[in-house]
Amino acid sequence: MTMTNVLVANRGEIARRVFATCRRMGIGTTAVYSDADAASPHVAEADAAIRLPGNTPAETYLRGELIIEAALSAGADAIHPGYGFLSENAEFARSVLDAGLVWIGPPVAAIEQMGSKVESKKMMDAAGVPVLAELDPAEVTDAHLPVLIKASAGGGGRGMRVVRDLAELRDQIAGAQREAESAFGDPTVFCERYLETGRHIEVQVMSDTFGKTWAVGERECSIQRRHQKVVEEAPSPLVEKIDGMRDRLFEAARLAAEAIGYEGAGTVEFLADEKGDFFFLEMNTRLQVEHPVTEQTTGLDLVRLQLQVASGLPLPANQPALRGHSIEVRLYAEDPAHDWQPQSGPVHKIEIPFTAGEFTVLDQPGVRLDTGVVDESVVGVHYDPMLAKVISYAETRAEAAHLLATALQRAKIHGLVTNRDLLVRVLRHPAFLAGDTDTAFFATHDLAVLSAPLVSEADEALSIVAAALADSALNRGASRLAGLAPSGWRNLSSLPQTKSYESRTTGIHEVRYRFTRTGVAVEGHDGLELISVAPDRVVLGVPGERGAVRRQFEIARYGDLVAIDSPLGPVAVRRLPRFTDPSEQVAAGSLLAPMPGSVIRLGAAEGDHVKQGQPILWLEAMKMEHTIAAPATGILSALNVTVGQQVEVGTVLAVVEEEEQEPS
């Protein structure tokens with residue numbers, strides 16, 4: 001049949017990705033959106049958009065009946081589930097078909113068979129695919145440790161917990177069940193043996209309705225945080241160096257797909273060791289977040305193939321050969337240096353250099369950008385904090401890594417803390433460049449080092465000087481005496497002007513400077529030459545051993561936030577007022593909400609004696625639980641929140657009065 005209009009039962013980058021292919025094929029598009037997503041780019045880009053009242057996934061994107069009603073009311077004749085939410089929900093797929101709509105996905109039976117990770121492993125074992133044995137949580141003993149708790153109905157790291165101490169198993173299972181229920185509507189979890197190090201290798205399969213199955217190519221997704229992928233690439237450096245491994249992987253993936261009569265796009269995931277042995281983890285009966293690296297290394301538009309297969313067309317006669325190398329990183333609004341805390345708020349600017357295309361397959365080396373946000377988008381607390389997928393394509397792996405690292409370092413990302421610095425350091429790390437990428441990468445190579453700012457302290461200080469001089473130019477432009485004299489200029493020698501800024505990593509910086517007849521004098525920066533200055537751009541001559549080096553800085557302001565971009569690295573600081581309001585100070589020992597979220601559990605009561613590190617409460621934000629622990633041993637003198645309460649970032653949740661230490 002011919003599709004005329006496709007509703008995407010998803011949001012953000014996922015919906016935009018499917019819409020892009022639909023437009024290239026002349027197919028109409030319909031969006032659905034929650035109240036929180038009303039201003040999302042995917043809503044504006046669709047031909048029609050239907051509101052799903054509410055904010056949380058349970059109120060909106062997990063309501064299959066509302067999505068089907070939206071498709072029928074908008075005149076859509078097909079539904080694409082995207083990835084996440086209801087994309088692997090067999091009941092939803094059945095309801096789509098019962099409503100007379102085309103389901104752009106695999107058969108309902110295939111989703112059911114792979115939907116339970118417990119049952120799917122048994123099936124794969126019977127089909128001859130190597131598997132890791134599933135463990136009943138009630139039967140786990142010390143001999144099994146460490147074990148991995150997994151949500152049976154979902155993926156993306158939701159509901160996953162590693163347990164190394166049997167005493168923690170019950171609480172960790174309960175937490176995993178809550179996360180699984182919140183993310184997928186199904187609290188079922190199971191356990192399996194956890195391999196501390198391993199390589200996460202997956203195979204993209206594509207099957208038509210005529211019995212043909214392609215193993216399109218493999219991807220390596222070993223670098224993960226909280227069991228969620230962060231860096232993905234194709235082809236796998238491990239597979240590339242082990243003779244015969246690709247053939248064995250592809251054969252296992254085809255066996256898995258054929259065992260369930262698969263149709264459409266799917267991914268068979270394996271955990272491999274350095275010898276090339278691998279074990280079946282799960283089959284994702286949908287498109288994957290990381291599918292662009294496979295598109296780049298095959299030249300295929302996988303969404304186009306999905307639409308064609310769903311329309312009853314066969315796969316092309318010949319499968320394309322692999323070409324070049326592609327690396328994708330997930331740019332998250334999160335702080336890796338502080339327990340990966342998710343961030344929320346406005347994205348004032350997002351600009352990735354070297355971008356050659358968005359949501360499209362590149363034919364030449366360059367950067368592809370797939371993103372759900374644009375300038376002034378707002379990242380909320382209800383959904384995953386991924387801002388964009390940034391994908392490089394080049395002839396070699398080394399070139400792809402270098403191109404992507406440089407693009408990220410020079411990107412203008414203003415408004416939120418992100419994992420950008422971490423991504424750049426990973427892409428430039430000797431172990432990554434050597435292809436040594438296992439699931440323990442962050443632990444092995446020290447997360448604190450990898451998440452450190454790209455810019456050195458000296459270069460950060462220089463960038464802040466540039467910001468102060470640009471602010472001076474801005475003030476001069478706003479003055480009624482503008483143009484008569486440089487800011488702060490005096491006929492006689494005078495005290496320097498001072499501007500103060502706060503850096504998240506290095507604290508408060510005071511820039512003390514004086515404009516002179518010959519330029520500017522900045523304390524602590526002898527010999528610095530001011531070549532040009534404007535409110536948004538400063539050029540400095542920086543003295544060096546072999547002469548001065550010109551450095552250019554671009555400055556942008558958003559309230560008290562100042563973003564400084566230069567080839568030295570990105571810097572973001574807060575401009576401090578000359579005088580501090582005493583009412584804004586908080587008591588010592590205060591626990592502040594690190595993010596907006598909902599209080600889901602309390603671990604202590606007001607007046608309790610608590611120990612350092614003891615959980616005081618748990619927040620749920622962006623579908624994950626976050627523990628708020630006591631900063632010191634003492635008395636919980638104030639507990640300002642209750643279960644179910646919504647809090648904003650910076651809210652004083654509780655106060656712990658530290659015990660006075662006995663003199664030794």
# chains A, B, ... in the order shown; residues from 1 in each chain; ligands from 1
$ select_by_dssp --residues "stretch 403-641 of chain A" --states "strand (DSSP E or B)" --output "JSON, numbers by chain"
{"A": [412, 413, 414, 497, 498, 499, 500, 501, 502, 503, 507, 508, 509, 510, 511, 512, 513, 514, 515, 516, 519, 520, 521, 522, 529, 530, 531, 532, 533, 534, 537, 538, 539, 540, 541, 542, 549, 550, 551, 552, 553, 554, 555, 556, 557, 558, 561, 562, 563, 564, 565, 571, 572, 573, 574, 575, 590, 591, 592, 597, 598, 599, 600, 601, 602, 609, 610, 615, 616, 617, 618, 619, 620, 621, 624, 625, 626, 627, 628, 629, 634, 635, 636, 637, 638, 639]}
$ closest_atom_pairs --of "stretch 527-642 of chain A" --to "stretch 466-476 of chain A" --cutoff "7 Å" --atoms "only C-alpha atoms" --output "Markdown table"
| residue | atom | partner | partner_atom | distance |
| --- | --- | --- | --- | --- |
| A:Val533 | CA | A:Ala470 | CA | 6.3 |
| A:Ala534 | CA | A:Ala473 | CA | 5.6 |
| A:Pro535 | CA | A:Ala470 | CA | 4.5 |
| A:Asp536 | CA | A:Ala470 | CA | 6.4 |
| A:Arg537 | CA | A:Ala470 | CA | 6.8 |
| A:Val538 | CA | A:Ala466 | CA | 6.0 |
| A:Phe553 | CA | A:Ala466 | CA | 6.7 |
| A:Ile555 | CA | A:Ala467 | CA | 6.4 |
| A:Ile564 | CA | A:Ala467 | CA | 6.9 |
$ residues_around --residues "A:Met595" --least-positions-apart "4" --cutoff "7 Å" --atoms "only C-alpha atoms" --output "short mmCIF file (atom, residue, chain, number, x, y, z; two decimals) with C-alpha atoms, in the first residue's frame"
data_model
loop_
_atom_site.label_atom_id
_atom_site.label_comp_id
_atom_site.auth_asym_id
_atom_site.auth_seq_id
_atom_site.Cartn_x
_atom_site.Cartn_y
_atom_site.Cartn_z
CA PRO A 342 20.84 15.78 34.69
CA GLN A 343 20.39 19.46 33.94
CA GLU A 648 13.04 23.40 41.71
CA VAL A 649 16.80 23.44 41.37
#
$ closest_residue --among "A:Lys117, A:Lys275, A:Arg420, A:Lys389" --to "A:Val571" --atoms "only C-alpha atoms"
A:Arg420
$ residues_around --residues "A:Ala138" --least-positions-apart "2" --cutoff "12 Å" --atoms "only C-alpha atoms" --output "number ranges by chain"
A: 134-136, 140-141, 144, 166, 169-170, 173, 189-191
$ write_last_selection --atoms "C-alpha atoms" --output "CSV table (one decimal), in the first residue's frame"
chain,number,residue,atom,x,y,z
A,134,GLU,CA,19.2,-15.6,33.5
A,135,LEU,CA,19.1,-15.7,37.3
A,136,ASP,CA,16.0,-15.7,39.5
A,140,VAL,CA,21.0,-15.1,43.8
A,141,THR,CA,23.9,-16.0,46.2
A,144,HIS,CA,26.8,-15.2,41.6
A,166,LEU,CA,24.1,-9.4,48.6
A,169,LEU,CA,20.0,-6.8,46.4
A,170,ARG,CA,16.5,-6.3,47.8
A,173,ILE,CA,15.6,-4.6,42.9
A,189,VAL,CA,13.0,-7.2,36.4
A,190,PHE,CA,15.5,-10.1,36.3
A,191,CYS,CA,19.2,-10.8,37.0
$ residues_around --residues "stretch 356-358 of chain A" --least-positions-apart "2" --cutoff "12 Å" --atoms "only C-alpha atoms" --output "mmCIF file with C-alpha atoms, in the first residue's frame"
data_model
loop_
_atom_site.group_PDB
_atom_site.id
_atom_site.type_symbol
_atom_site.label_atom_id
_atom_site.label_comp_id
_atom_site.auth_asym_id
_atom_site.auth_seq_id
_atom_site.Cartn_x
_atom_site.Cartn_y
_atom_site.Cartn_z
ATOM 1 C CA GLU A 13 15.001 14.265 17.903
ATOM 2 C CA ARG A 16 12.368 14.963 13.643
ATOM 3 C CA ARG A 17 14.498 12.102 12.310
ATOM 4 C CA VAL A 18 11.481 10.205 10.947
ATOM 5 C CA PHE A 19 9.870 13.381 9.608
ATOM 6 C CA ALA A 20 13.027 14.181 7.626
ATOM 7 C CA THR A 21 12.805 10.925 5.653
ATOM 8 C CA PRO A 292 23.090 6.929 12.035
ATOM 9 C CA GLN A 296 26.850 6.522 7.287
ATOM 10 C CA ILE A 352 28.058 22.648 15.872
ATOM 11 C CA PRO A 353 30.747 23.601 13.330
ATOM 12 C CA PHE A 354 31.547 21.497 10.262
ATOM 13 C CA THR A 360 20.598 12.798 6.379
ATOM 14 C CA VAL A 361 23.230 10.399 5.081
ATOM 15 C CA LEU A 362 26.470 12.170 4.158
ATOM 16 C CA ASP A 363 28.329 11.149 1.014
ATOM 17 C CA GLN A 364 31.493 13.073 1.908
ATOM 18 C CA PRO A 365 33.505 13.337 5.147
ATOM 19 C CA GLY A 366 31.864 15.728 7.586
ATOM 20 C CA VAL A 367 29.603 16.072 10.614
ATOM 21 C CA ARG A 368 25.944 15.108 10.747
ATOM 22 C CA LEU A 369 23.680 16.581 13.418
ATOM 23 C CA ASP A 370 20.490 14.909 14.665
ATOM 24 C CA THR A 371 18.973 17.055 17.396
ATOM 25 C CA GLY A 372 15.663 17.729 19.072
ATOM 26 C CA ALA A 388 21.717 15.943 20.225
ATOM 27 C CA LYS A 389 23.512 13.159 18.455
ATOM 28 C CA VAL A 390 26.644 14.462 16.777
ATOM 29 C CA ILE A 391 27.970 12.070 14.137
ATOM 30 C CA SER A 392 31.192 12.193 12.156
ATOM 31 C CA TYR A 393 31.906 10.347 8.933
ATOM 32 C CA ALA A 407 33.693 19.970 16.155
#
